$ cat start_34.cif   # mmCIF, C-alpha atoms
data_data
loop_
_atom_site.label_atom_id
_atom_site.label_comp_id
_atom_site.auth_asym_id
_atom_site.auth_seq_id
_atom_site.Cartn_x
_atom_site.Cartn_y
_atom_site.Cartn_z
CA MET K 26 -8.72 -12.71 5.23
CA SER K 27 -6.32 -12.61 8.08
CA LYS K 28 -7.45 -14.11 11.37
CA ALA K 29 -5.05 -11.81 13.18
CA ILE K 30 -6.84 -8.75 11.81
CA LEU K 31 -10.29 -10.04 12.68
CA ASP K 32 -9.16 -11.06 16.16
CA ALA K 33 -7.65 -7.63 16.71
CA ILE K 34 -10.88 -5.94 15.72
CA LYS K 35 -12.87 -8.22 17.98
CA GLY K 36 -10.45 -7.56 20.81
CA ARG K 37 -10.85 -3.81 20.39
CA LEU K 38 -14.64 -4.09 20.36
CA TYR K 39 -14.63 -6.04 23.61
CA ALA K 40 -12.17 -3.63 25.17
CA THR K 41 -14.30 -0.57 24.51
CA THR K 42 -16.41 0.32 27.52
CA ALA K 43 -18.75 2.47 25.45
CA LEU K 44 -19.73 -0.67 23.56
CA THR K 45 -19.76 -3.24 26.32
CA ALA K 46 -21.91 -0.94 28.45
CA GLU K 47 -24.60 -1.36 25.82
CA LEU K 48 -23.90 -4.83 24.49
CA THR K 49 -21.99 -6.60 27.27
CA SER K 50 -20.55 -9.52 25.24
CA ARG K 51 -23.21 -9.71 22.54
CA ILE K 52 -20.83 -8.91 19.71
CA TYR K 53 -20.81 -11.59 17.03
CA TYR K 54 -18.95 -12.36 13.83
CA ASN K 55 -21.21 -13.22 10.89
CA SER K 56 -24.25 -14.46 12.82
CA ALA K 57 -25.80 -14.15 16.22
CA PRO K 58 -27.13 -17.17 18.10
CA ALA K 59 -30.86 -17.82 18.07
CA ASP K 60 -32.94 -15.88 20.55
CA ALA K 61 -30.04 -13.67 21.55
CA ARG K 62 -31.00 -10.72 23.71
CA LEU K 63 -31.06 -7.25 22.25
CA PRO K 64 -29.20 -5.05 21.74
CA LEU K 65 -26.51 -6.90 19.84
CA LEU K 66 -23.93 -6.27 17.19
CA VAL K 67 -23.11 -8.52 14.23
CA TYR K 68 -20.20 -7.75 11.95
CA THR K 69 -19.23 -9.25 8.61
CA ALA K 70 -16.03 -8.68 6.70
CA THR K 71 -14.73 -8.71 3.18
CA VAL K 72 -11.14 -8.10 2.21
CA ARG K 73 -9.24 -6.83 -0.79
CA THR K 74 -5.51 -7.31 -1.02
CA THR K 75 -3.04 -5.36 -3.11
CA PRO K 76 0.43 -6.86 -3.60
CA PHE K 77 3.55 -4.70 -3.68
CA PHE K 78 7.04 -5.57 -4.82
CA GLY K 79 9.23 -6.72 -1.97
CA SER K 80 6.68 -9.08 -0.42
CA ILE K 81 4.36 -6.63 1.21
CA THR K 82 0.60 -6.75 0.89
CA ARG K 83 -1.92 -4.08 1.64
CA HIS K 84 -5.08 -5.44 3.24
CA GLU K 85 -8.26 -3.44 2.96
CA VAL K 86 -10.87 -5.00 5.16
CA GLU K 87 -14.38 -3.68 4.78
CA ILE K 88 -16.65 -4.47 7.68
CA GLU K 89 -20.37 -4.05 8.00
CA PHE K 90 -21.55 -3.54 11.55
CA ALA K 91 -25.23 -4.37 11.96
CA THR K 92 -26.69 -3.15 15.22
CA GLN K 93 -29.98 -4.56 16.43
CA TYR K 94 -31.68 -2.64 19.16
CA ASP K 95 -34.96 -2.96 21.02
CA ASN K 96 -35.67 0.54 22.23
CA ARG K 97 -38.85 2.11 20.98
CA GLY K 98 -38.67 5.52 19.47
CA GLY K 99 -35.41 6.42 21.17
CA THR K 100 -32.03 7.26 19.78
CA ASP K 101 -30.09 4.85 21.94
CA ILE K 102 -29.13 2.76 18.92
CA TYR K 103 -26.67 5.55 18.17
CA LEU K 104 -24.85 4.71 21.39
CA VAL K 105 -23.51 1.65 19.59
CA SER K 106 -22.56 3.70 16.58
CA ASP K 107 -20.75 6.21 18.76
CA GLY K 108 -19.12 3.33 20.59
CA LEU K 109 -17.67 2.06 17.32
CA ALA K 110 -16.23 5.51 16.65
CA THR K 111 -14.62 5.43 20.08
CA ALA K 112 -13.31 1.91 19.56
CA PHE K 113 -11.59 2.72 16.30
CA SER K 114 -10.40 6.23 17.09
CA THR K 115 -6.84 4.95 17.50
CA PRO K 116 -4.79 2.40 15.52
CA ILE K 117 -4.94 -1.23 16.59
CA THR K 118 -1.83 -3.33 17.06
CA VAL K 119 -1.85 -6.52 15.00
CA THR K 120 0.97 -9.06 15.04
CA GLY K 121 2.63 -9.26 11.64
CA PHE K 122 1.19 -5.98 10.39
CA ASP K 123 2.26 -2.36 10.64
CA ALA K 124 -0.95 -1.20 12.28
CA LEU K 125 -4.64 -1.47 11.64
CA ARG K 126 -6.46 1.78 11.13
CA GLY K 127 -10.17 2.20 10.58
CA VAL K 128 -12.24 4.87 8.91
CA ARG K 129 -16.00 5.03 8.78
CA ILE K 130 -17.09 5.17 5.17
CA GLU K 131 -20.85 4.93 5.60
CA ARG K 132 -22.94 5.82 8.57
CA GLY K 133 -26.12 3.86 8.99
CA VAL K 134 -29.73 4.91 9.19
CA PRO K 135 -31.95 3.06 11.69
CA SER K 136 -34.88 1.14 10.30
CA PHE K 137 -37.67 -0.47 12.27
CA ALA K 138 -38.96 -3.94 11.48
CA ASP K 139 -40.14 -6.96 13.42
CA ASP K 140 -40.32 -5.09 16.72
CA GLY K 141 -36.70 -4.02 16.59
CA TRP K 142 -34.35 -1.47 15.17
CA THR K 143 -31.55 -2.30 12.78
CA MET K 144 -28.76 -0.04 11.66
CA VAL K 145 -25.89 -0.98 9.36
CA GLU K 146 -22.72 1.02 9.02
CA ARG K 147 -19.57 0.30 7.08
CA TRP K 148 -15.98 0.77 8.04
CA ARG K 149 -12.76 0.29 6.13
CA PHE K 150 -9.66 -0.98 7.88
CA ILE K 151 -6.23 -0.85 6.32
CA ALA K 152 -3.08 -2.68 7.30
CA HIS K 153 0.14 -3.74 5.59
CA ASP K 154 1.84 -6.98 6.43
CA ILE K 155 5.50 -6.40 7.16
CA MET S 7 18.53 -23.75 -24.32
CA PRO S 8 15.11 -22.78 -25.54
CA VAL S 9 13.08 -20.09 -23.89
CA ASP S 10 10.99 -22.02 -21.38
CA ARG S 11 9.58 -19.26 -19.24
CA TYR S 12 7.55 -16.16 -19.90
CA LEU S 13 7.48 -13.51 -17.26
CA VAL S 14 4.54 -12.13 -15.36
CA GLY S 15 4.56 -9.02 -13.22
CA SER S 16 4.72 -10.86 -9.94
CA ASP S 17 8.07 -12.36 -10.98
CA GLY S 18 9.64 -8.97 -10.58
CA ASN S 19 10.93 -6.73 -7.88
CA VAL S 20 12.05 -3.16 -7.37
CA GLU S 21 14.88 -2.06 -5.16
CA VAL S 22 16.19 1.38 -4.45
CA THR S 23 19.62 1.49 -2.86
CA PHE S 24 20.89 4.69 -1.33
CA GLY S 25 24.58 4.41 -0.54
CA THR S 26 24.90 0.86 0.74
CA ASN S 27 21.41 0.64 2.14
CA SER S 28 18.49 -0.93 0.32
CA GLN S 29 15.51 1.22 1.11
CA THR S 30 12.12 0.10 2.27
CA PHE S 31 10.96 3.71 2.46
CA LEU S 32 9.23 3.31 -0.88
CA ARG S 33 7.13 0.22 -1.44
CA VAL S 34 6.47 -0.06 -5.11
CA GLN S 35 3.17 -1.32 -6.41
CA SER S 36 3.96 -0.79 -10.05
CA TYR S 37 6.51 0.85 -12.27
CA ALA S 38 6.71 2.06 -15.81
CA ALA S 39 10.14 2.45 -17.36
CA ASN S 40 11.53 3.40 -20.72
CA LEU S 41 14.98 2.27 -21.79
CA THR S 42 15.77 4.58 -24.67
CA ARG S 43 18.49 6.04 -26.84
CA LEU S 44 18.56 9.17 -28.86
CA GLN S 45 18.52 8.33 -32.54
CA PHE S 46 20.28 10.51 -35.09
CA ASP S 47 19.56 10.46 -38.80
CA GLN S 48 22.84 10.61 -40.69
CA THR S 49 21.56 9.66 -44.07
CA GLY S 50 23.62 11.41 -46.71
CA PHE S 51 23.91 11.79 -50.45
CA GLY S 52 24.81 8.52 -52.08
CA ASP S 53 23.11 6.41 -49.45
CA THR S 54 20.55 3.96 -50.74
CA ALA S 55 18.88 3.49 -47.39
CA LYS S 56 18.45 5.35 -44.16
CA ARG S 57 21.56 5.63 -42.00
CA THR S 58 21.12 6.18 -38.26
CA ARG S 59 23.40 6.38 -35.26
CA LEU S 60 22.36 5.89 -31.66
CA GLY S 61 23.27 8.10 -28.74
CA MET S 62 23.66 7.35 -25.05
CA GLN S 63 21.27 5.05 -23.31
CA ASN S 64 18.83 6.42 -20.79
CA LEU S 65 16.45 4.87 -18.30
CA ALA S 66 13.48 6.96 -17.27
CA GLY S 67 10.23 6.08 -15.66
CA THR S 68 7.81 6.24 -12.79
CA LEU S 69 7.34 4.31 -9.58
CA ALA S 70 3.87 4.11 -8.03
CA CYS S 71 4.51 3.63 -4.34
CA LEU S 72 3.39 3.50 -0.81
CA VAL S 73 5.47 5.69 1.46
CA GLY S 74 6.74 4.36 4.74
CA GLN S 75 8.15 5.87 7.85
CA ASP S 76 10.60 4.62 10.41
CA THR S 77 9.01 5.52 13.70
CA THR S 78 12.30 5.00 15.49
CA ALA S 79 14.42 7.21 13.26
CA THR S 80 15.18 10.89 13.57
CA THR S 81 14.60 13.45 10.87
CA THR S 82 18.34 13.93 10.60
CA ALA S 83 19.05 10.38 9.47
CA SER S 84 21.48 10.93 6.65
CA THR S 85 21.62 7.59 4.93
CA THR S 86 17.96 7.27 4.11
CA MET S 87 15.98 8.53 1.23
CA ILE S 88 14.85 11.46 3.32
CA ASN S 89 17.79 13.28 1.69
CA ILE S 90 16.04 13.42 -1.63
CA LEU S 91 12.89 14.92 -0.11
CA THR S 92 14.60 17.90 1.45
CA SER S 93 14.96 21.25 -0.23
CA LEU S 94 18.73 21.29 0.08
CA GLN S 95 20.87 21.21 -3.02
CA ASP S 96 21.51 17.57 -3.80
CA SER S 97 25.25 17.08 -3.49
CA THR S 98 25.14 13.31 -3.39
CA ALA S 99 28.12 11.90 -5.25
CA THR S 100 26.57 8.50 -5.77
CA ARG S 101 23.04 8.47 -7.02
CA PRO S 102 20.51 6.00 -5.66
CA ILE S 103 20.59 2.73 -7.55
CA VAL S 104 17.26 1.73 -9.00
CA THR S 105 16.98 -1.96 -9.80
CA LEU S 106 14.00 -2.97 -11.85
CA ALA S 107 13.78 -6.74 -11.93
CA LEU S 108 11.44 -8.46 -14.32
CA TRP S 109 12.55 -11.83 -13.01
CA ASN S 110 13.87 -11.85 -9.49
CA GLY S 111 15.97 -14.97 -9.44
CA ALA S 112 17.86 -14.17 -6.25
CA GLY S 113 21.08 -12.77 -7.60
CA THR S 114 22.87 -14.36 -10.48
CA SER S 115 19.88 -15.31 -12.58
CA ASP S 116 18.00 -12.03 -12.43
CA THR S 117 16.53 -10.40 -15.47
CA LYS S 118 16.84 -6.78 -14.62
CA ILE S 119 17.72 -3.21 -15.49
CA VAL S 120 19.95 -1.33 -13.09
CA SER S 121 20.77 2.36 -13.23
CA ASN S 122 21.98 5.12 -10.96
CA CYS S 123 19.09 7.52 -10.96
CA ALA S 124 17.91 10.91 -9.83
CA PHE S 125 14.42 11.35 -8.45
CA SER S 126 13.01 14.50 -9.90
CA ALA S 127 9.40 14.57 -8.77
CA PHE S 128 7.32 13.21 -5.97
CA ALA S 129 3.55 13.41 -6.33
CA PHE S 130 1.73 12.64 -3.10
CA ASN S 131 -1.94 11.76 -3.04
CA ALA S 132 -3.72 11.29 0.26
CA SER S 133 -7.30 10.97 1.36
CA PRO S 134 -8.67 10.45 4.87
CA ALA S 135 -10.70 7.50 3.58
CA GLY S 136 -7.53 5.46 3.62
CA GLU S 137 -5.40 6.17 0.58
CA LEU S 138 -1.90 7.57 0.54
CA THR S 139 0.11 6.93 -2.55
CA CYS S 140 3.14 8.52 -4.11
CA THR S 141 4.37 8.69 -7.66
CA VAL S 142 8.10 9.15 -8.19
CA ASN S 143 9.86 10.01 -11.42
CA PHE S 144 13.37 8.68 -11.94
CA GLU S 145 15.96 8.99 -14.66
CA THR S 146 19.54 7.92 -15.27
CA ALA S 147 21.70 10.56 -13.68
CA ASP S 148 25.43 10.07 -13.52
CA GLY S 149 26.69 9.42 -17.02
CA THR S 150 26.93 5.68 -16.53
CA ALA S 151 24.78 3.61 -18.82
CA PRO S 152 22.06 1.43 -17.36
CA VAL S 153 23.16 -2.17 -16.96
CA VAL S 154 20.75 -4.63 -18.51
CA THR S 155 20.97 -8.25 -17.47
CA TRP S 156 18.83 -10.59 -19.46
CA ILE S 157 18.62 -14.32 -19.66
CA ALA S 158 17.29 -15.19 -23.06
#
$ encode --input "start_34.cif" --output "structure tokens"
Amino acid sequence: MSKAILDAIKGRLYATTALTAELTSRIYYNSAPADARLPLLVYTATVRTTPFFGSITRHEVEIEFATQYDNRGGTDIYLVSDGLATAFSTPITVTGFDALRGVRIERGVPSFADDGWTMVERWRFIAHDI
Amino acid sequence: MPVDRYLVGSDGNVEVTFGTNSQTFLRVQSYAANLTRLQFDQTGFGDTAKRTRLGMQNLAGTLACLVGQDTTATTTASTTMINILTSLQDSTATRPIVTLALWNGAGTSDTKIVSNCAFSAFAFNASPAGELTCTVNFETADGTAPVVTWIA
């Protein structure tokens, strides 16, 4: 996993007004702190690398975005989902890579448990180190 | 000296040189290549075993690639591999040089096959889920035999 890629994704999330309007700064990598306010977003990443001749590597980063939301019976949880689409609608600049581009490969379905909504969606990001 | 090294794929490298420029337009993930000769059966009456003669050597194969783009270049750049993607009659005097290295020892100690080749087919495969690959067929093209360098 490249720290530069993860930092770039985090930077884009924080720079997207559609997300921060809902979440402010409650966007966390891997785990949220205890008793964090809702709504919040937790993302986890896995990576697959493919080597090419000539010292170039293709990085496929798959990220699961888990949204936790506290609204009751509303559809506001989709504001976060739509915010992700806005955030990753354009390529992200990453030092040492050509560009980082994301595609949504699985859209989540909200489920209700423990007095809160959870929705998980998966994105795939692709970059080549250069 | 005994053989003290066996090669693995990651020892290798692929370079395509168009004119004097080594191209990064194609980034090769894998290649398959056949170094072959035609074989003629000349067995005649009186022979007590098969008699064969070999013809000219030929290198032919396939590169599985990523395709790049130079965002600062123009579409009229003449020294890049864009020439071989256009529909114009190919009048290039010097064919692109394909170097298939099985051991990339930085110059003098390479184990490699080098041939001036023509690219006869490009198969592009793209999907919006994040895949764009290209398969290129190449074959020896200018009457000069492939040069095989081997340390063994």
$ resolve_selection --input "start_34.cif" --expression "the PyMOL selection byres ((chain K) within 9 of (chain S))" --output "PyMOL selection string"
chain K and resi 75-81+85+126-130+149-151
$ resolve_selection --input "start_34.cif" --expression "the PyMOL selection byres ((chain K and resi 89) around 8)" --output "number ranges by chain"
K: 68-70, 87-88, 90-91, 145-148
$ residues_around --input "start_34.cif" --residues "Ala33 (chain K)" --least-positions-apart "5" --cutoff "12 Å" --atoms "all atoms listed in the file" --output "JSON, numbers by chain"
{"K": [27, 28, 38, 39, 40, 112, 113, 116, 117, 118, 119, 120, 121, 122, 124, 125, 126, 127, 150, 152]}
$ closest_residue --input "start_34.cif" --among "K:Val105, K:Ala29, K:Ala43, K:Ile155" --to "Pro64 (chain K)" --atoms "only C-alpha atoms"
K:Val105
$ resolve_selection --input "start_34.cif" --expression "the PyMOL selection byres ((chain K and resi 49-63) around 9)" --output "list in words"
Lys35, Leu38, Tyr39, Thr42, Leu44, Thr45, Ala46, Glu47, Leu48, Pro64, Leu65, Leu66, Val67, Tyr68, Thr69, Ala70, Gln93, Tyr94, Asp95 and Gly141 of chain K
$ residues_near_point --input "start_34.cif" --point "(8.3, 10.7, -12.7)" --cutoff "10 Å" --atoms "all atoms listed in the file" --output "PyMOL selection string"
chain S and resi 38-39+66-70+125-129+141-145
$ atom_distance --input "start_34.cif" --atom1 "CA of Arg101 (chain S)" --atom2 "CA of Thr78 (chain S)"
25.2 Å
$ closest_residue --input "start_34.cif" --among "S:Cys123, S:Val22, S:Val14, S:Val73" --to "Cys140 (chain S)" --atoms "all atoms listed in the file"
S:Val73
$ closest_residue --input "start_34.cif" --among "S:Ala147, S:Met7, S:Leu138, S:Ile157" --to "Asn110 (chain S)" --atoms "only C-alpha atoms"
S:Ile157
$ atom_distance --input "start_34.cif" --atom1 "CA of Pro152 (chain S)" --atom2 "CA of Asn40 (chain S)"
11.2 Å
$ closest_residue --input "start_34.cif" --among "K:Thr74, K:Gly99, K:Thr82, K:His153" --to "Phe137 (chain K)" --atoms "all atoms listed in the file"
K:Gly99
$ residues_around --input "start_34.cif" --residues "Pro102 (chain S)" --least-positions-apart "5" --cutoff "8 Å" --atoms "all atoms listed in the file" --output "list in words"
Val22, Thr23, Phe24, Gly25, Asn122, Cys123 and Ala124 of chain S
$ atom_distance --input "start_34.cif" --atom1 "CA of Asp10 (chain S)" --atom2 "CA of Gln63 (chain S)"
29.0 Å
$ closest_residue --input "start_34.cif" --among "S:Asp76, S:Leu65, S:Thr100, S:Ser115" --to "Asp123 (chain K)" --atoms "all atoms listed in the file"
S:Asp76
$ closest_residue --input "start_34.cif" --among "K:Leu109, K:Val72, K:Ile102, K:Met144" --to "Ile34 (chain K)" --atoms "all atoms listed in the file"
K:Leu109
$ decode --input "start_34.cif" --residues "region 70-109 of chain K" --atoms "N, CA and C atoms" --output "compact mmCIF listing (two decimals), in the first residue's frame"
# COMPACT_ATOMS: atom_id res chain seq x y z
N ALA K 70 -8.84 -0.14 3.15
CA ALA K 70 -8.27 -0.33 1.81
C ALA K 70 -7.51 -1.63 1.70
N THR K 71 -7.61 -2.21 0.53
CA THR K 71 -6.73 -3.32 0.16
C THR K 71 -6.13 -2.97 -1.20
N VAL K 72 -4.98 -3.55 -1.50
CA VAL K 72 -4.32 -3.17 -2.74
C VAL K 72 -3.81 -4.41 -3.46
N ARG K 73 -3.87 -4.35 -4.78
CA ARG K 73 -3.27 -5.39 -5.61
C ARG K 73 -2.32 -4.70 -6.57
N THR K 74 -1.12 -5.22 -6.68
CA THR K 74 -0.16 -4.59 -7.58
C THR K 74 0.18 -5.53 -8.73
N THR K 75 0.35 -4.95 -9.89
CA THR K 75 0.72 -5.71 -11.08
C THR K 75 2.00 -5.12 -11.65
N PRO K 76 3.09 -5.87 -11.66
CA PRO K 76 4.34 -5.32 -12.19
C PRO K 76 4.37 -5.36 -13.72
N PHE K 77 5.01 -4.36 -14.30
CA PHE K 77 5.24 -4.32 -15.74
C PHE K 77 6.74 -4.23 -15.98
N PHE K 78 7.19 -4.68 -17.15
CA PHE K 78 8.58 -4.50 -17.51
C PHE K 78 8.89 -3.01 -17.58
N GLY K 79 10.11 -2.66 -17.24
CA GLY K 79 10.49 -1.25 -17.27
C GLY K 79 10.20 -0.55 -15.96
N SER K 80 10.07 -1.29 -14.90
CA SER K 80 9.91 -0.71 -13.55
C SER K 80 8.70 0.20 -13.43
N ILE K 81 7.58 -0.30 -13.81
CA ILE K 81 6.32 0.40 -13.57
C ILE K 81 5.39 -0.59 -12.90
N THR K 82 4.61 -0.10 -11.97
CA THR K 82 3.68 -0.97 -11.26
C THR K 82 2.30 -0.35 -11.28
N ARG K 83 1.33 -1.19 -11.57
CA ARG K 83 -0.06 -0.74 -11.54
C ARG K 83 -0.61 -1.06 -10.15
N HIS K 84 -1.17 -0.05 -9.50
CA HIS K 84 -1.75 -0.23 -8.18
C HIS K 84 -3.27 -0.18 -8.30
N GLU K 85 -3.90 -1.22 -7.88
CA GLU K 85 -5.37 -1.24 -7.81
C GLU K 85 -5.75 -1.25 -6.34
N VAL K 86 -6.27 -0.15 -5.90
CA VAL K 86 -6.63 -0.01 -4.49
C VAL K 86 -8.14 -0.14 -4.38
N GLU K 87 -8.58 -1.09 -3.63
CA GLU K 87 -10.02 -1.25 -3.44
C GLU K 87 -10.37 -0.74 -2.05
N ILE K 88 -11.31 0.16 -2.00
CA ILE K 88 -11.65 0.80 -0.73
C ILE K 88 -13.12 0.59 -0.41
N GLU K 89 -13.35 0.19 0.80
CA GLU K 89 -14.72 0.09 1.31
C GLU K 89 -15.02 1.31 2.16
N PHE K 90 -16.06 2.03 1.77
CA PHE K 90 -16.49 3.18 2.54
C PHE K 90 -17.73 2.76 3.35
N ALA K 91 -17.60 2.81 4.65
CA ALA K 91 -18.74 2.46 5.51
C ALA K 91 -19.27 3.75 6.13
N THR K 92 -20.49 4.07 5.76
CA THR K 92 -21.14 5.26 6.30
C THR K 92 -22.04 4.85 7.46
N GLN K 93 -21.92 5.57 8.55
CA GLN K 93 -22.84 5.36 9.68
C GLN K 93 -23.62 6.65 9.87
N TYR K 94 -24.92 6.47 9.95
CA TYR K 94 -25.79 7.65 9.95
C TYR K 94 -26.86 7.46 11.01
N ASP K 95 -27.37 8.59 11.54
CA ASP K 95 -28.30 8.47 12.66
C ASP K 95 -29.72 8.91 12.32
N ASN K 96 -29.94 9.27 11.08
CA ASN K 96 -31.30 9.72 10.77
C ASN K 96 -32.27 8.55 10.76
N ARG K 97 -33.51 8.83 11.08
CA ARG K 97 -34.49 7.76 11.23
C ARG K 97 -35.46 7.79 10.04
N GLY K 98 -35.38 6.79 9.26
CA GLY K 98 -36.34 6.66 8.18
C GLY K 98 -36.11 7.59 7.01
N GLY K 99 -35.06 8.37 7.03
CA GLY K 99 -34.80 9.29 5.94
C GLY K 99 -33.84 8.70 4.92
N THR K 100 -33.57 9.46 3.92
CA THR K 100 -32.63 9.00 2.89
C THR K 100 -31.33 9.79 2.92
N ASP K 101 -31.13 10.53 4.01
CA ASP K 101 -29.96 11.40 4.05
C ASP K 101 -28.64 10.65 3.99
N ILE K 102 -28.65 9.37 4.35
CA ILE K 102 -27.40 8.61 4.28
C ILE K 102 -26.85 8.62 2.85
N TYR K 103 -27.74 8.79 1.88
CA TYR K 103 -27.29 8.84 0.49
C TYR K 103 -26.54 10.14 0.16
N LEU K 104 -26.68 11.14 1.05
CA LEU K 104 -25.91 12.36 0.82
C LEU K 104 -24.42 12.06 0.87
N VAL K 105 -24.04 11.13 1.76
CA VAL K 105 -22.63 10.76 1.85
C VAL K 105 -22.21 10.00 0.59
N SER K 106 -23.07 9.10 0.18
CA SER K 106 -22.79 8.33 -1.03
C SER K 106 -22.63 9.24 -2.24
N ASP K 107 -23.55 10.19 -2.35
CA ASP K 107 -23.45 11.14 -3.47
C ASP K 107 -22.21 12.02 -3.33
N GLY K 108 -21.86 12.31 -2.09
CA GLY K 108 -20.65 13.10 -1.84
C GLY K 108 -19.40 12.38 -2.30
N LEU K 109 -19.37 11.07 -2.12
CA LEU K 109 -18.23 10.28 -2.60
C LEU K 109 -18.13 10.35 -4.12
